[in-house]
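With compact mmCIF, C-alpha atoms and all ligand atoms inside, this is target.txt:
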```txt
# COMPACT_ATOMS: atom_id res chain seq x y z
CA MET Y 1 20.13 -30.39 -16.25
CA ALA Y 2 18.31 -27.03 -16.22
CA ARG Y 3 18.95 -24.88 -13.18
CA ASN Y 4 16.10 -24.45 -10.72
CA LEU Y 5 14.29 -21.14 -11.02
CA SER Y 6 14.93 -19.00 -7.97
CA PHE Y 7 11.44 -18.16 -6.71
CA SER Y 8 9.58 -16.68 -3.78
CA TYR Y 9 6.09 -15.53 -2.86
CA SER Y 10 6.97 -11.89 -3.49
CA LYS Y 11 8.40 -12.69 -6.93
CA MET Y 12 5.20 -14.51 -7.80
CA GLY Y 13 3.19 -11.51 -6.54
CA MET Y 14 5.15 -9.16 -8.77
CA TYR Y 15 4.74 -11.39 -11.82
CA LYS Y 16 0.99 -11.56 -11.22
CA GLU Y 17 0.84 -7.79 -10.81
CA CYS Y 18 2.65 -7.19 -14.09
CA PRO Y 19 5.00 -9.60 -15.92
CA GLN Y 20 6.82 -6.64 -17.51
CA LYS Y 21 7.57 -5.24 -14.08
CA TYR Y 22 8.94 -8.64 -13.03
CA LYS Y 23 11.16 -8.58 -16.12
CA PHE Y 24 12.58 -5.16 -15.24
CA ARG Y 25 13.21 -6.22 -11.66
CA TYR Y 26 14.43 -9.80 -11.97
CA VAL Y 27 15.59 -10.27 -15.58
CA HIS Y 28 17.18 -6.87 -16.20
CA MET Y 29 17.98 -6.62 -12.47
CA ILE Y 30 17.00 -2.94 -12.20
CA PRO Y 31 16.42 -2.19 -8.51
CA GLU Y 32 13.29 -0.42 -7.36
CA GLN Y 33 13.35 2.81 -5.37
CA PRO Y 34 13.26 2.34 -1.59
CA LYS Y 35 9.73 2.22 -0.21
CA TYR Y 36 8.97 3.59 3.23
CA TYR Y 37 6.45 0.85 3.98
CA PHE Y 38 9.08 -1.83 3.39
CA ALA Y 39 11.54 -0.01 5.69
CA PHE Y 40 8.83 0.35 8.35
CA GLY Y 41 7.80 -3.31 8.08
CA SER Y 42 11.39 -4.48 8.12
CA ALA Y 43 12.19 -2.46 11.28
CA LEU Y 44 9.24 -4.03 13.12
CA HIS Y 45 10.20 -7.51 11.91
CA GLU Y 46 13.67 -6.90 13.35
CA VAL Y 47 12.12 -5.95 16.69
CA MET Y 48 9.99 -9.11 16.74
CA GLU Y 49 13.07 -11.18 15.97
CA TYR Y 50 14.89 -9.42 18.82
CA ILE Y 51 12.03 -10.04 21.28
CA TYR Y 52 11.53 -13.71 20.45
CA ASN Y 53 15.15 -14.69 19.78
CA PRO Y 54 15.15 -18.38 20.84
CA ASN Y 55 18.84 -18.13 21.75
CA GLN Y 56 18.19 -15.54 24.46
CA PRO Y 57 16.79 -17.17 27.62
CA ALA Y 58 15.22 -13.91 28.92
CA PHE Y 59 12.87 -11.72 26.95
CA PRO Y 60 13.95 -8.08 26.59
CA SER Y 61 12.14 -5.39 28.57
CA LEU Y 62 9.98 -2.82 26.78
CA GLU Y 63 12.74 -0.21 27.21
CA GLN Y 64 15.26 -2.57 25.62
CA ALA Y 65 12.92 -3.31 22.71
CA LEU Y 66 12.30 0.42 22.16
CA SER Y 67 15.98 1.18 22.27
CA PHE Y 68 16.70 -1.67 19.81
CA PHE Y 69 14.06 -0.23 17.50
CA GLU Y 70 15.54 3.25 17.74
CA ASN Y 71 19.06 2.02 16.98
CA HIS Y 72 17.87 0.05 14.00
CA TRP Y 73 15.75 2.96 12.75
CA ASN Y 74 18.60 5.44 12.96
CA LYS Y 75 20.94 3.33 10.86
CA THR Y 76 19.49 4.81 7.67
CA SER Y 77 18.37 8.27 6.57
CA PHE Y 78 14.80 9.16 5.71
CA GLU Y 79 15.66 9.04 1.97
CA GLN Y 80 17.24 5.61 2.30
CA LYS Y 81 14.07 4.40 3.97
CA GLY Y 82 11.97 5.89 1.17
CA TYR Y 83 10.20 8.57 3.23
CA ALA Y 84 9.39 11.83 1.45
CA SER Y 85 10.53 14.04 4.35
CA VAL Y 86 12.02 13.97 7.84
CA GLU Y 87 8.55 14.77 9.27
CA LYS Y 88 7.09 11.68 7.63
CA GLU Y 89 9.97 9.58 8.87
CA LEU Y 90 9.41 10.90 12.41
CA ALA Y 91 5.73 10.00 12.16
CA GLY Y 92 6.78 6.48 11.09
CA PHE Y 93 9.12 6.25 14.07
CA ALA Y 94 6.37 7.36 16.47
CA GLU Y 95 3.99 4.80 14.97
CA GLY Y 96 6.62 2.07 15.41
CA ARG Y 97 7.06 2.99 19.09
CA ARG Y 98 3.30 2.98 19.62
CA ILE Y 99 3.02 -0.50 18.13
CA ILE Y 100 5.85 -1.90 20.27
CA GLU Y 101 4.40 -0.35 23.45
CA GLU Y 102 0.94 -1.74 22.76
CA TYR Y 103 2.37 -5.11 21.77
CA TYR Y 104 4.12 -5.34 25.13
CA ALA Y 105 1.00 -4.23 27.00
CA LYS Y 106 -0.97 -7.02 25.37
CA HIS Y 107 1.55 -9.86 25.16
CA ALA Y 108 4.53 -9.36 27.46
CA ALA Y 109 2.96 -11.38 30.29
CA SER Y 110 2.57 -14.41 28.00
CA PHE Y 111 5.76 -14.33 25.91
CA VAL Y 112 6.84 -17.86 24.98
CA HIS Y 113 9.91 -18.79 22.97
CA PRO Y 114 9.06 -20.02 19.49
CA LEU Y 115 10.80 -22.76 17.56
CA SER Y 116 12.41 -20.24 15.25
CA VAL Y 117 12.23 -16.61 14.13
CA GLU Y 118 13.01 -15.11 10.73
CA MET Y 119 14.13 -18.50 9.47
CA LYS Y 120 15.41 -18.30 5.92
CA SER Y 121 14.53 -21.46 4.10
CA THR Y 122 15.60 -22.49 0.61
CA LEU Y 123 13.86 -25.56 -0.69
CA ASP Y 124 14.39 -27.17 -4.08
CA MET Y 125 11.27 -28.74 -5.49
CA ASP Y 126 9.48 -29.12 -8.82
CA GLY Y 127 12.23 -27.20 -10.66
CA LEU Y 128 12.03 -24.27 -8.24
CA SER Y 129 14.45 -23.04 -5.66
CA LEU Y 130 11.93 -21.63 -3.22
CA ILE Y 131 13.16 -18.96 -0.89
CA SER Y 132 10.98 -18.13 2.12
CA ILE Y 133 11.55 -16.13 5.24
CA LEU Y 134 9.38 -17.62 7.96
CA ASP Y 135 8.71 -14.88 10.50
CA ARG Y 136 7.88 -17.18 13.38
CA ILE Y 137 7.33 -20.91 13.84
CA ASP Y 138 5.77 -22.19 17.05
CA TYR Y 139 5.73 -25.83 18.08
CA LEU Y 140 2.23 -26.98 19.08
CA GLY Y 141 3.32 -30.50 20.14
CA ASP Y 142 2.57 -33.84 18.56
CA GLY Y 143 4.53 -33.01 15.38
CA LYS Y 144 2.32 -29.98 14.69
CA ILE Y 145 3.57 -26.47 14.10
CA LYS Y 146 2.11 -23.01 13.71
CA ILE Y 147 3.39 -20.63 11.05
CA LEU Y 148 2.93 -16.96 11.84
CA ASP Y 149 3.57 -14.09 9.45
CA TYR Y 150 3.72 -10.48 10.68
CA LYS Y 151 1.96 -7.82 8.64
CA THR Y 152 2.42 -4.07 8.95
CA GLY Y 153 0.25 -2.78 6.08
CA LYS Y 154 -3.15 -1.17 6.28
CA THR Y 155 -5.31 -4.14 7.20
CA VAL Y 156 -5.01 -7.71 8.35
CA GLN Y 157 -7.60 -8.86 5.81
CA ARG Y 158 -5.88 -10.78 3.03
CA GLU Y 159 -5.96 -14.00 1.07
CA PRO Y 160 -4.12 -16.89 2.75
CA ASP Y 161 -2.14 -17.95 -0.35
CA GLN Y 162 1.16 -16.72 1.10
CA LEU Y 163 0.56 -19.04 4.04
CA TYR Y 164 -0.28 -21.86 1.63
CA MET Y 165 3.18 -21.44 0.14
CA TYR Y 166 4.73 -21.56 3.59
CA GLN Y 167 2.72 -24.66 4.46
CA LYS Y 168 4.06 -26.37 1.35
CA VAL Y 169 7.62 -25.27 2.18
CA VAL Y 170 7.56 -26.14 5.87
CA GLU Y 171 6.02 -29.58 5.52
CA ASN Y 172 8.72 -30.48 3.01
CA SER Y 173 11.63 -28.80 4.75
CA PRO Y 174 14.28 -31.07 6.32
CA ALA Y 175 15.60 -28.01 8.22
CA VAL Y 176 12.27 -27.37 9.98
CA LYS Y 177 11.88 -31.07 10.70
CA ALA Y 178 15.34 -31.13 12.28
CA LEU Y 179 14.35 -28.17 14.48
CA VAL Y 180 11.22 -29.95 15.67
CA GLN Y 181 13.14 -33.15 16.33
CA LYS Y 182 15.49 -31.21 18.59
CA VAL Y 183 12.62 -30.44 20.97
CA ASP Y 184 10.60 -33.59 20.26
CA PRO Y 185 12.92 -36.39 19.05
CA GLY Y 186 10.05 -38.85 18.48
CA VAL Y 187 8.53 -36.85 15.61
CA SER Y 188 8.86 -38.52 12.20
CA GLU Y 189 6.33 -36.51 10.24
CA LEU Y 190 5.70 -32.78 10.34
CA ARG Y 191 2.25 -31.23 9.92
CA VAL Y 192 1.09 -27.66 9.97
CA GLY Y 193 -1.53 -27.24 12.70
CA GLN Y 194 -2.26 -23.56 12.26
CA LEU Y 195 -1.46 -20.68 9.91
CA SER Y 196 -1.71 -17.09 10.94
CA PHE Y 197 -1.24 -13.48 9.90
CA TYR Y 198 -0.50 -11.15 12.79
CA HIS Y 199 -1.27 -7.50 12.03
CA LEU Y 200 1.06 -5.47 14.24
CA PRO Y 201 -0.58 -2.00 13.87
CA THR Y 202 -3.90 -3.32 15.25
CA LEU Y 203 -2.57 -6.33 17.19
CA GLN Y 204 -5.10 -8.49 15.42
CA GLU Y 205 -4.48 -12.08 14.44
CA MET Y 206 -6.12 -13.79 11.49
CA THR Y 207 -5.84 -17.53 11.89
CA PHE Y 208 -6.44 -20.33 9.38
CA GLU Y 209 -6.62 -24.08 9.76
CA ARG Y 210 -4.11 -26.15 7.85
CA ALA Y 211 -5.13 -25.88 4.20
CA PRO Y 212 -6.50 -29.17 2.80
CA ASP Y 213 -4.19 -31.03 0.39
CA LYS Y 214 -6.62 -30.42 -2.48
CA GLU Y 215 -6.39 -26.67 -1.99
CA ILE Y 216 -2.60 -26.75 -1.72
CA PHE Y 217 -2.48 -28.83 -4.91
CA SER Y 218 -4.47 -26.30 -6.89
CA PHE Y 219 -2.49 -23.38 -5.38
CA TRP Y 220 0.72 -25.15 -6.32
CA GLN Y 221 -0.48 -25.68 -9.89
CA GLY Y 222 -0.87 -21.87 -10.07
CA VAL Y 223 2.68 -21.38 -8.78
CA LEU Y 224 4.10 -23.81 -11.34
CA LYS Y 225 2.14 -22.09 -14.12
CA VAL Y 226 3.69 -18.73 -13.21
CA ALA Y 227 7.13 -20.38 -13.15
CA ASP Y 228 6.51 -21.93 -16.60
CA ASN Y 229 5.53 -18.53 -18.01
CA ILE Y 230 8.71 -16.98 -16.63
CA ARG Y 231 10.84 -19.74 -18.13
CA ALA Y 232 9.03 -19.28 -21.45
CA GLY Y 233 9.89 -15.55 -21.37
CA LYS Y 234 6.25 -14.39 -21.22
CA PHE Y 235 6.54 -10.86 -19.93
CA ASP Y 236 3.72 -8.97 -21.61
CA PRO Y 237 2.83 -5.86 -19.59
CA THR Y 238 -0.53 -5.78 -17.86
CA PRO Y 239 -1.00 -2.04 -17.25
CA GLY Y 240 -3.55 -0.84 -14.74
CA GLU Y 241 -4.16 2.42 -12.97
CA ASN Y 242 -2.99 1.25 -9.57
CA GLN Y 243 0.07 -0.76 -10.48
CA CYS Y 244 1.35 1.74 -13.07
CA ARG Y 245 0.86 4.79 -10.87
CA TRP Y 246 3.32 3.52 -8.28
CA CYS Y 247 5.59 1.61 -10.65
CA ASP Y 248 9.25 2.70 -10.68
CA TYR Y 249 9.69 1.52 -14.27
CA ARG Y 250 7.19 3.83 -15.92
CA ASN Y 251 9.87 5.89 -17.65
CA ILE Y 252 11.31 2.85 -19.41
CA CYS Y 253 8.13 0.78 -19.77
CA PRO Y 254 7.06 0.13 -23.40
CA VAL Y 255 3.45 0.95 -22.45
CA PHE Y 256 4.52 4.53 -21.73
CA THR Y 257 7.52 5.00 -24.00
CA GLY Y 258 6.03 3.21 -27.02
CA LYS Y 259 9.25 1.24 -27.56
CA GLU Y 260 10.89 -1.86 -26.16
CA TYR Y 261 13.40 -1.28 -23.39
CA ASP Y 262 16.96 -1.73 -24.63
CA PRO Y 263 19.20 -3.04 -21.84
CA SER Y 264 22.37 -2.61 -23.94
CA ALA Y 265 21.73 1.13 -24.27
CA ALA Y 266 20.93 1.31 -20.57
CA SER Y 267 24.18 -0.41 -19.64
CA LEU Y 268 26.08 2.61 -20.96
CA ARG Y 269 24.64 4.49 -18.02
CA PRO Y 270 25.48 3.55 -14.41
CA GLN Y 271 21.82 2.71 -13.74
CA ALA Y 272 18.93 2.51 -16.15
CA MET Y 273 16.80 4.62 -13.84
CA ALA Y 274 19.40 7.35 -13.39
CA PRO Y 275 18.31 10.71 -14.80
CA GLN Y 276 20.18 11.95 -17.86
CA ALA Y 277 21.84 15.35 -17.82
CA GLU Y 278 19.42 17.86 -19.28
CA PRO Y 279 20.27 20.97 -21.28
CA VAL Y 280 19.84 24.22 -19.34
CA LYS Y 281 16.39 25.73 -19.95
CA SER Y 282 15.40 29.37 -20.11
CA GLU Y 283 13.04 30.83 -17.51
CA GLN Y 284 10.26 31.06 -20.12
CA GLU Y 285 10.70 27.40 -21.04
CA LEU Y 286 10.56 26.42 -17.39
CA LEU Y 287 7.43 28.53 -16.91
CA SER Y 288 5.73 26.91 -19.92
CA GLU Y 289 6.63 23.48 -18.57
CA LYS Y 290 5.19 24.32 -15.15
CA ILE Y 291 1.97 25.61 -16.74
CA ASP Y 292 1.61 22.42 -18.75
CA ARG Y 293 2.39 20.26 -15.76
CA CYS Y 294 -0.05 22.16 -13.56
CA GLY Y 295 -2.77 21.98 -16.25
CA ALA Y 296 -2.25 18.24 -16.65
CA LEU Y 297 -2.39 17.74 -12.86
CA LEU Y 298 -5.59 19.79 -12.59
CA GLU Y 299 -7.17 17.74 -15.36
CA GLU Y 300 -6.10 14.53 -13.68
CA ALA Y 301 -7.43 15.82 -10.35
CA LYS Y 302 -10.82 16.54 -11.93
CA SER Y 303 -11.06 13.15 -13.47
CA LEU Y 304 -9.94 11.50 -10.20
CA GLN Y 305 -12.58 13.46 -8.27
CA LYS Y 306 -15.25 12.16 -10.62
CA GLU Y 307 -14.07 8.60 -10.13
CA ILE Y 308 -13.92 9.04 -6.33
CA ILE Y 309 -17.46 10.47 -6.21
CA SER Y 310 -18.79 7.67 -8.35
CA LEU Y 311 -17.10 4.98 -6.22
CA MET Y 312 -18.19 6.56 -2.94
CA ARG Y 313 -21.78 6.88 -4.19
CA LYS Y 314 -21.77 3.28 -5.41
CA ASN Y 315 -20.60 2.07 -1.98
CA ASN Y 316 -22.71 4.53 0.02
CA PHE Y 317 -19.59 5.98 1.63
CA GLU Y 318 -19.68 9.43 3.18
CA ARG Y 319 -16.05 9.25 4.19
CA HIS Y 320 -13.11 7.16 3.07
CA PHE Y 321 -9.39 7.16 3.86
CA GLY Y 322 -6.28 6.89 1.74
CA ALA Y 323 -2.87 6.43 3.41
CA ASN Y 324 -2.42 10.19 3.86
CA PHE Y 325 -5.69 11.87 2.92
CA LYS Y 326 -9.35 11.49 3.68
CA ALA Y 327 -12.25 12.15 1.33
CA GLU Y 328 -15.65 13.36 2.52
CA LEU Y 329 -18.68 13.45 0.30
CA ALA Y 330 -21.83 15.44 1.00
CA ARG Y 331 -24.94 16.12 -1.04
CA VAL Y 332 -25.54 19.88 -1.07
CA GLU Y 333 -28.39 21.93 -2.41
CA LYS Y 334 -27.48 24.27 -5.23
CA LEU Y 335 -29.59 27.29 -6.06
CA GLU Y 336 -29.71 28.53 -9.60
CA PHE Y 337 -31.09 31.92 -10.62
CA THR Y 338 -31.69 31.36 -14.29
CA ASP Y 339 -33.72 34.42 -15.29
CA LYS Y 340 -31.27 37.24 -14.73
CA GLU Y 341 -33.67 40.09 -15.50
CA LYS Y 342 -36.28 38.83 -13.08
CA VAL Y 343 -33.64 38.32 -10.40
CA VAL Y 344 -32.46 41.91 -10.78
CA GLU Y 345 -36.09 43.05 -10.56
CA LEU Y 346 -36.66 41.03 -7.43
CA LEU Y 347 -33.44 42.33 -5.83
CA ARG Y 348 -34.55 45.85 -6.62
CA THR Y 349 -37.96 45.22 -4.99
CA LEU Y 350 -36.28 43.70 -1.96
CA LYS Y 351 -33.84 46.62 -1.82
CA LEU Y 352 -30.93 44.21 -2.07
CA LEU Y 353 -29.50 45.31 -5.36
CA ALA Y 354 -26.98 47.58 -3.68
CA LYS Y 355 -25.60 44.57 -1.80
CA VAL Y 356 -24.41 42.84 -4.94
CA LEU Y 357 -22.04 44.68 -7.16
CA VAL Y 358 -22.70 42.34 -10.03
CA PRO Y 359 -25.65 39.93 -9.75
CA THR Y 360 -24.15 36.53 -10.57
CA GLN Y 361 -25.18 33.05 -9.41
CA SER Y 362 -22.70 33.13 -6.55
CA THR Y 363 -23.25 36.74 -5.38
CA VAL Y 364 -27.02 36.24 -5.31
CA ALA Y 365 -26.70 32.87 -3.58
CA ALA Y 366 -24.38 34.53 -1.03
CA LEU Y 367 -27.24 36.83 0.02
CA LEU Y 368 -29.00 33.77 1.44
CA GLN Y 369 -26.08 33.30 3.87
CA ASP Y 370 -25.85 37.02 4.70
CA ASP Y 371 -27.03 37.74 8.28
CA SER Y 372 -27.97 41.30 7.38
CA VAL Y 373 -30.56 40.15 4.81
CA PRO Y 374 -34.02 39.81 6.43
CA ALA Y 375 -35.45 36.29 6.61
CA GLN Y 376 -38.52 37.28 4.56
CA ALA Y 377 -36.35 38.55 1.71
CA LYS Y 378 -34.29 35.37 1.89
CA ALA Y 379 -37.46 33.26 1.64
CA LYS Y 380 -38.62 35.17 -1.47
CA LEU Y 381 -35.24 34.92 -3.08
CA SER Y 382 -34.98 31.25 -2.27
CA ALA Y 383 -38.48 30.54 -3.68
CA PHE Y 384 -37.36 32.15 -6.90
CA ALA Y 385 -34.38 29.85 -7.32
CA ARG Y 386 -34.27 26.55 -9.12
CA LYS Y 387 -32.98 23.96 -6.64
CA THR Y 388 -30.72 21.12 -7.64
CA GLN Y 389 -28.57 18.67 -5.69
CA GLU Y 390 -24.88 18.34 -6.27
CA ASP Y 391 -22.01 16.31 -4.82
CA ASN Y 392 -19.54 18.19 -2.71
CA LEU Y 393 -16.27 16.27 -2.36
CA THR Y 394 -13.59 17.50 0.00
CA ILE Y 395 -10.17 15.94 0.33
CA ASN Y 396 -8.00 16.85 3.28
CA LYS Y 397 -4.95 15.52 5.06
CA ALA Y 398 -5.94 12.60 7.31
CA GLU Y 399 -5.07 13.30 10.94
S1 LIG D 401 4.39 0.85 -15.76
FE1 LIG D 401 2.62 -0.50 -15.59
S2 LIG D 401 2.73 -1.81 -17.40
FE2 LIG D 401 4.75 -0.85 -17.16
S3 LIG D 401 5.94 -2.29 -15.97
FE3 LIG D 401 5.05 -0.88 -14.53
S4 LIG D 401 3.13 -1.87 -13.88
FE4 LIG D 401 3.82 -2.88 -15.77
```

Could you spell out this file's structure in structure tokens?
Ligand code: SF4
Amino acid sequence: MARNLSFSYSKMGMYKECPQKYKFRYVHMIPEQPKYYFAFGSALHEVMEYIYNPNQPAFPSLEQALSFFENHWNKTSFEQKGYASVEKELAGFAEGRRIIEEYYAKHAASFVHPLSVEMKSTLDMDGLSLISILDRIDYLGDGKIKILDYKTGKTVQREPDQLYMYQKVVENSPAVKALVQKVDPGVSELRVGQLSFYHLPTLQEMTFERAPDKEIFSFWQGVLKVADNIRAGKFDPTPGENQCRWCDYRNICPVFTGKEYDPSAASLRPQAMAPQAEPVKSEQELLSEKIDRCGALLEEAKSLQKEIISLMRKNNFERHFGANFKAELARVEKLEFTDKEKVVELLRTLKLLAKVLVPTQSTVAALLQDDSVPAQAKAKLSAFARKTQEDNLTINKAE
């Protein structure tokens, strides 16, 4: 009999993002680099598990929760967590503390012990060995339970399909049923009463009713289709700007290298992703490389700016935030002095020629901002200019 395929929601997510990436991660077993957002999320999940531990009769105080968080956080270095610097790691730590403090301010008075926290469930069904970690399960009474999943990303808004998977798992799980029967021995059938994402950074909860069987059926068909594709070895890459930009496998991906990845060659090295020793380069070679790299980055920056402007215009955004930077877009008036000879003549008449060493577009336009130029002269100069509108995009560190 064929072995069940070990599967989880995150594996399915990776396959949907890019089957080739899934192959690198789960077929060739090449680990990804640590990601700071996973480390941050995992630390907060640990704190929630600590707070709601059903085996502890009393809930920890805020000070105890903060100290637990600090101990957990300090177990690994900033590099191990995936942060780019100690400063960024410290900012992550401060954000974690803020979330815990605000969580206590909002919920500490109404803490109730759940049925379980961080329950690891493995369920064999339909040829899959489904692994799920259920952040929190609450018993609502009458055989009904609530499944709650903590989120620590940017927003709480998301599709409920992860919860659909948990609904399917929980309603078929003998382990969850046994837990419920411990507190309510009369229960013979388990039903999900409520599904919920809880977004810790904003303390917002997004709740869903139990998904109808029809919806779960069609969701499950999608899951089984992904599993069939994996079994059939369908791992064609699906490159895209977003997924490839952050993908750890770019340097071995056929889309970028132009050749299939060869695991047997990689096995000669300790890790496929490990850098190879490079020959020593001369200073001139290094300089040329830096120039090329800088040129390529500047070109990419220009093309990104164009895309950002076009997307912001399309959505009528004046400001938009990335994780670390903010973009602001303004329409500014641009003055063009096209007839150089006439401009020089006008400057001479206005006795402004001495103020510009060389009359160029920018030096003449600068006269309009110069407090020492009389308003009347500015008006004449301005009337002489051809006015156009242009987009002014600024990108700065988000505070
Ligand atoms: S680089 Fe892009 S195409 Fe290649 S594996 Fe990663 S996500 Fe897929």

Surrounding residues of Val192 of chain Y excluding itself and chain neighbours under 6 positions, 7 Å, all atoms listed in the file, as an mmCIF file with C-alpha atoms, in the coordinates of the input:
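The new file result.cif reads:
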```cif
data_model
loop_
_atom_site.group_PDB
_atom_site.id
_atom_site.type_symbol
_atom_site.label_atom_id
_atom_site.label_comp_id
_atom_site.auth_asym_id
_atom_site.auth_seq_id
_atom_site.Cartn_x
_atom_site.Cartn_y
_atom_site.Cartn_z
ATOM 1 C CA LYS Y 144 2.320 -29.980 14.690
ATOM 2 C CA ILE Y 145 3.570 -26.470 14.100
ATOM 3 C CA LYS Y 146 2.110 -23.010 13.710
ATOM 4 C CA GLN Y 167 2.720 -24.660 4.460
ATOM 5 C CA GLU Y 171 6.020 -29.580 5.520
ATOM 6 C CA ARG Y 210 -4.110 -26.150 7.850
#
```

| task | Set the cut-off to 9 Å, count all atoms listed in the file, and list whatever residues fall near ligand LIG 401 (chain D) as an MDAnalysis selection string. | result | chainID Y and resid 17:24 236:256

Pull C-alpha atoms from the residues just selected and write them as a PDB file, in the coordinates of the input.
```
ATOM      1  CA  GLU Y  17       0.840  -7.790 -10.810  1.00  0.00           C
ATOM      2  CA  CYS Y  18       2.650  -7.190 -14.090  1.00  0.00           C
ATOM      3  CA  PRO Y  19       5.000  -9.600 -15.920  1.00  0.00           C
ATOM      4  CA  GLN Y  20       6.820  -6.640 -17.510  1.00  0.00           C
ATOM      5  CA  LYS Y  21       7.570  -5.240 -14.080  1.00  0.00           C
ATOM      6  CA  TYR Y  22       8.940  -8.640 -13.030  1.00  0.00           C
ATOM      7  CA  LYS Y  23      11.160  -8.580 -16.120  1.00  0.00           C
ATOM      8  CA  PHE Y  24      12.580  -5.160 -15.240  1.00  0.00           C
ATOM      9  CA  ASP Y 236       3.720  -8.970 -21.610  1.00  0.00           C
ATOM     10  CA  PRO Y 237       2.830  -5.860 -19.590  1.00  0.00           C
ATOM     11  CA  THR Y 238      -0.530  -5.780 -17.860  1.00  0.00           C
ATOM     12  CA  PRO Y 239      -1.000  -2.040 -17.250  1.00  0.00           C
ATOM     13  CA  GLY Y 240      -3.550  -0.840 -14.740  1.00  0.00           C
ATOM     14  CA  GLU Y 241      -4.160   2.420 -12.970  1.00  0.00           C
ATOM     15  CA  ASN Y 242      -2.990   1.250  -9.570  1.00  0.00           C
ATOM     16  CA  GLN Y 243       0.070  -0.760 -10.480  1.00  0.00           C
ATOM     17  CA  CYS Y 244       1.350   1.740 -13.070  1.00  0.00           C
ATOM     18  CA  ARG Y 245       0.860   4.790 -10.870  1.00  0.00           C
ATOM     19  CA  TRP Y 246       3.320   3.520  -8.280  1.00  0.00           C
ATOM     20  CA  CYS Y 247       5.590   1.610 -10.650  1.00  0.00           C
ATOM     21  CA  ASP Y 248       9.250   2.700 -10.680  1.00  0.00           C
ATOM     22  CA  TYR Y 249       9.690   1.520 -14.270  1.00  0.00           C
ATOM     23  CA  ARG Y 250       7.190   3.830 -15.920  1.00  0.00           C
ATOM     24  CA  ASN Y 251       9.870   5.890 -17.650  1.00  0.00           C
ATOM     25  CA  ILE Y 252      11.310   2.850 -19.410  1.00  0.00           C
ATOM     26  CA  CYS Y 253       8.130   0.780 -19.770  1.00  0.00           C
ATOM     27  CA  PRO Y 254       7.060   0.130 -23.400  1.00  0.00           C
ATOM     28  CA  VAL Y 255       3.450   0.950 -22.450  1.00  0.00           C
ATOM     29  CA  PHE Y 256       4.520   4.530 -21.730  1.00  0.00           C
TER      30      PHE Y 256
END
```

| message | Quick one: residues within 12 Å of segment 99-109 of chain Y, all atoms listed in the file, excluding same-chain residues fewer than 2 positions away - as number ranges by chain? | response | Y: 40-41, 43-48, 50-52, 58-70, 92-97, 111-113, 152, 198-204

| Hey, can you pull every residue with an atom no more than 7 Å from (13.7, -4.2, -21.2), using only C-alpha atoms, and send it as a ChimeraX atom specification? | /Y:24,28,260-263

Edge lengths and centre in Å, axis-aligned, segment 66-73 of chain Y plus 8 Å each side, as lines of an AutoDock Vina configuration file:
```
center_x = 15.7
center_y = 0.8
center_z = 17.5
size_x = 22.8
size_y = 20.9
size_z = 25.5
```

Within 10 Å of Val170 of chain Y, counting only C-alpha atoms, which residues show up once you throw out same-chain ones fewer than 5 positions away? Write them as a PDB file with C-alpha atoms, in the frame of the given file, please.
```pdb
ATOM      1  CA  SER Y 121      14.530 -21.460   4.100  1.00  0.00           C
ATOM      2  CA  LEU Y 123      13.860 -25.560  -0.690  1.00  0.00           C
ATOM      3  CA  SER Y 132      10.980 -18.130   2.120  1.00  0.00           C
ATOM      4  CA  LEU Y 134       9.380 -17.620   7.960  1.00  0.00           C
ATOM      5  CA  ILE Y 137       7.330 -20.910  13.840  1.00  0.00           C
ATOM      6  CA  ILE Y 145       3.570 -26.470  14.100  1.00  0.00           C
ATOM      7  CA  ILE Y 147       3.390 -20.630  11.050  1.00  0.00           C
ATOM      8  CA  TYR Y 164      -0.280 -21.860   1.630  1.00  0.00           C
ATOM      9  CA  MET Y 165       3.180 -21.440   0.140  1.00  0.00           C
ATOM     10  CA  ALA Y 175      15.600 -28.010   8.220  1.00  0.00           C
ATOM     11  CA  VAL Y 176      12.270 -27.370   9.980  1.00  0.00           C
ATOM     12  CA  LYS Y 177      11.880 -31.070  10.700  1.00  0.00           C
ATOM     13  CA  LEU Y 190       5.700 -32.780  10.340  1.00  0.00           C
ATOM     14  CA  ARG Y 191       2.250 -31.230   9.920  1.00  0.00           C
ATOM     15  CA  VAL Y 192       1.090 -27.660   9.970  1.00  0.00           C
TER      16      VAL Y 192
END
```

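Residues in contact with segment 311-319 of chain Y at 6 Å, where all atoms listed in the file are counted and same-chain residues fewer than 4 positions away are skipped, are listed as Y:Ala327, Y:Glu328, Y:Leu329.
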
| query | Pick from Y:Thr360, Y:Gly322, Y:Ala39, Y:Asp135: nearest to Lys75 of chain Y, with only C-alpha atoms counted? | reply |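 Closest to Lys75 of chain Y of all the choices is Y:Ala39.
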
| query | Can you tell me, as JSON, numbers by chain, what residues are no more than 9 Å from segment 380-394 of chain Y when counting only C-alpha atoms, ignoring any on the same chain fewer than 2 positions away? | reply | {"Y": [305, 308, 309, 326, 327, 328, 329, 330, 331, 332, 333, 334, 335, 336, 337, 338, 343, 346, 347, 350, 364, 365, 367, 368, 375, 376, 377, 378, 396]}

For segment 226-236 of chain Y in the structure I just supplied, write out C-alpha atoms - as a short mmCIF file (atom, residue, chain, number, x, y, z; two decimals), in the first residue's frame.
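Saved result, selection-v3.cif, follows:
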```
data_model
loop_
_atom_site.label_atom_id
_atom_site.label_comp_id
_atom_site.auth_asym_id
_atom_site.auth_seq_id
_atom_site.Cartn_x
_atom_site.Cartn_y
_atom_site.Cartn_z
CA VAL Y 226 -2.54 19.55 -5.16
CA ALA Y 227 -1.62 16.24 -3.49
CA ASP Y 228 -2.18 14.36 -6.79
CA ASN Y 229 0.10 16.81 -8.62
CA ILE Y 230 2.82 16.31 -6.02
CA ARG Y 231 2.55 12.53 -6.29
CA ALA Y 232 2.69 12.83 -10.09
CA GLY Y 233 5.93 14.84 -9.78
CA LYS Y 234 4.48 18.02 -11.33
CA PHE Y 235 6.87 20.70 -10.20
CA ASP Y 236 6.97 23.20 -13.03
#
```
